[in-house]
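Participant: Below you will find the structure I want to go over with you.
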Amino acid sequence: MDLALRDRVVVVTGATGGIGGAICKAFLQEGSIVVPIYRSSREKLRPLFEWAGDQGISEESLFPVEVELSDSASCRNGVAAIAERFGTIDVLVNCAGQALELPFMLTEEEQWEEVMAVNLTSVARFTRLVVKQMYRAKSGAVVNVSSVLGLRFGRGTVAYAVSKAGVVRFSQALALEVGPKGIRVNTVCPGVIGTSMSQNLTRRLDEKLQEMTALRRVGTPEEVSHTVVFLSSEKTASYITGATVVIDGGISI
């Protein structure tokens, strides 16, 4: 099925991660121009470029941009570079994140602030700049990657869970605000997904969590990426905004 995403400019933060990388690949397969945002090491994007080459996808379909999401000036410069190169941004996927598995009473203030800065504040900061570009086109789609822990808390994950719950509410509130401008905002909440972040977050609970899922298995980054692409397409999700889509194998039932 043609999702009408060919030549659309898609910006993906957290592109060097497992889910972020899968999202980049999924859009490339749809013929999109993908802008992977990386923090400091472009080398971490090498697997993505190698994969694209193996698939016969031109390097011109990839336009990596280095952005420090915690720095306002870096974010402004990054978005300006994208706008100058392409003139527009059609889709934004906020996938950058940081896990923290630590009881609240053992969480230092600096750790709390860092998780909030990466998982919530940076999402708002970068989204504001990108949506300004979307305003000009009076169209666009934003998909924020939260977590099932943003909906259903677990022990030892207070800082992470609160930050991800904030992403869900931010997305809903923003959807109301920018909807009249033709911009849609949705959230996906992955459960236990086979990435280095999730494995670190649940390293002592992995088997128990798998047993708690209705499907009795860990999800894949590709299963998340397919949903993100669906929500980004005007052909499949033009009347979907403010939605929170859970991708957790039934763990939250």
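Every chain in the structure tokens has a letter given in the order shown (A, B, ...), and although residue numbers restart at 1 in each chain, ligands are simply numbered from 1 in the order shown.
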Would you mind writing down, as a ChimeraX atom specification, each residue of region 54-118 of chain A that DSSP on the backbone assigns to helix (DSSP H, G or I)?
Facilitator: /A:54,59-61,72-86,104-106,109-118
Participant: Which neighbours of region 180-183 of chain A fall inside 8 Å, counting only C-alpha atoms, when residues of the same chain fewer than 6 positions from it are skipped, and could you give them as a PyMOL selection string?
Facilitator: chain A and resi 134-135+138-142
Participant: For Tyr38 (chain A), which residue among A:Asp71, A:Asp90, A:Glu66, A:Glu222 is the nearest when counting only C-alpha atoms?
Facilitator: A:Glu66
Participant: Rank A:Ala117, A:Leu45, A:Ile247, A:Met105 by their smallest atom-to-atom distance to Thr220 (chain A), using only C-alpha atoms, and report the top residue only.
Facilitator: A:Ile247
Participant: Contacts of Thr16 (chain A) at 10 Å or less, counting only C-alpha atoms, minus same-chain residues fewer than 3 places along, as a ChimeraX atom specification?
Facilitator: /A:12-13,19-22,24,36-39,41-48,95-96
Participant: Mind giving me the straight-line distance from CA of Ser72 (chain A) to CA of Thr127 (chain A) in Å, one decimal?
Facilitator: 11.7 Å
Participant: Hey, which of A:Ser61, A:Asp248, A:Val185, A:Ala73 ends up closest to Gly219 (chain A)? Count only C-alpha atoms.
Facilitator: A:Asp248
Participant: Which is closest to Ala237 (chain A) among A:Val148, A:Val143, A:Val123, A:Ala173, if we use only C-alpha atoms?
Facilitator: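 Of A:Val148, A:Val143, A:Val123, A:Ala173, the one nearest Ala237 (chain A) is A:Val143, counting only C-alpha atoms.
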Participant: Compare A:Leu209, A:Val245, A:Leu92, A:Ala214 by their minimum atom-to-atom distance to Val168 (chain A), counting only C-alpha atoms, and give me the closest one.
Facilitator: A:Val245
Participant: Would you work out the distance separating CA of Ser70 (chain A) from CA of Ala99 (chain A), expressed in Å to one decimal?
Facilitator: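 Computed distance, CA of Ser70 (chain A) to CA of Ala99 (chain A), equals 15.9 Å.
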Participant: When you draw a straight line from CA of Ala52 (chain A) to CA of Val35 (chain A), how long is it in Å?
Facilitator: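 Taking CA of Ala52 (chain A) as the start and CA of Val35 (chain A) as the end point, the length is 13.3 Å.
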Participant: For the strand (DSSP E or B) assignment from backbone DSSP, which residues of region 87-159 of chain A qualify? Please present them as a list in words.
Facilitator: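 Selecting the strand (DSSP E or B) positions of region 87-159 of chain A gives Val91, Leu92, Val93, Asn94, Gly140, Ala141, Val142, Val143, Asn144 and Val145 of chain A.
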Participant: Hey, could you make a per-residue contact list for region 27-78 of chain A against region 226-236 of chain A with 12 Å as the cut-off, showing the nearest pair of atoms and its distance in Å to one decimal, counting only C-alpha atoms, sorted by chain and number, as a tab-separated table?
Facilitator:
```
residue	atom	partner	partner_atom	distance
A:Phe27	CA	A:Val229	CA	6.7
A:Leu28	CA	A:Val229	CA	10.4
A:Gln29	CA	A:Val229	CA	10.4
A:Glu30	CA	A:Val229	CA	8.8
A:Gly31	CA	A:Val229	CA	11.7
A:Ser32	CA	A:Val229	CA	10.5
```
Participant: Ranking A:Glu207, A:Thr244, A:Ile82, A:Ala26 by minimum distance to Ser147 (chain A) and counting only C-alpha atoms, which one comes first?
Facilitator: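 Of A:Glu207, A:Thr244, A:Ile82, A:Ala26, the one nearest Ser147 (chain A) is A:Thr244, counting only C-alpha atoms.
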Participant: Skipping near chain neighbours, those fewer than 6 positions away, what residues fall within 10 Å of Ile33 (chain A) using only C-alpha atoms, listed as a VMD selection string?
Facilitator: chain A and resid 5 to 11 24 27 58 to 63 86 89 to 90
Participant: Name all residues at most 8 Å from Cys75 (chain A) (count only C-alpha atoms; drop same-chain ones fewer than 6 positions away) and give them as a list in words.
Facilitator: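 After dropping sequence-adjacent residues, the list is Val67, Glu68, Leu69, Arg125, Phe126 and Leu129 of chain A.
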Participant: Keeping C-alpha atoms for every residue in the selection just given, could you write it to a file as an mmCIF file, in the first residue's frame?
Facilitator:
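Writing done, so here's again-v7.cif:
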```
data_model
loop_
_atom_site.group_PDB
_atom_site.id
_atom_site.type_symbol
_atom_site.label_atom_id
_atom_site.label_comp_id
_atom_site.auth_asym_id
_atom_site.auth_seq_id
_atom_site.Cartn_x
_atom_site.Cartn_y
_atom_site.Cartn_z
ATOM 1 C CA VAL A 67 21.960 18.548 17.334
ATOM 2 C CA GLU A 68 22.443 18.739 21.074
ATOM 3 C CA LEU A 69 18.795 18.600 22.104
ATOM 4 C CA ARG A 125 11.975 22.503 22.748
ATOM 5 C CA PHE A 126 12.601 20.762 19.431
ATOM 6 C CA LEU A 129 10.930 24.895 16.435
#
```
Participant: I'd like the neighbourhood of Thr107 (chain A) as a list in words, where a residue qualifies if any of its atoms comes within 10 Å (using only C-alpha atoms), though same-chain residues fewer than 5 positions away should be ignored.
Facilitator: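 Using only C-alpha atoms, the neighbours found are Leu100, Glu101, Leu102, Trp112, Gly156, Thr157, Val158 and Ala159 of chain A.
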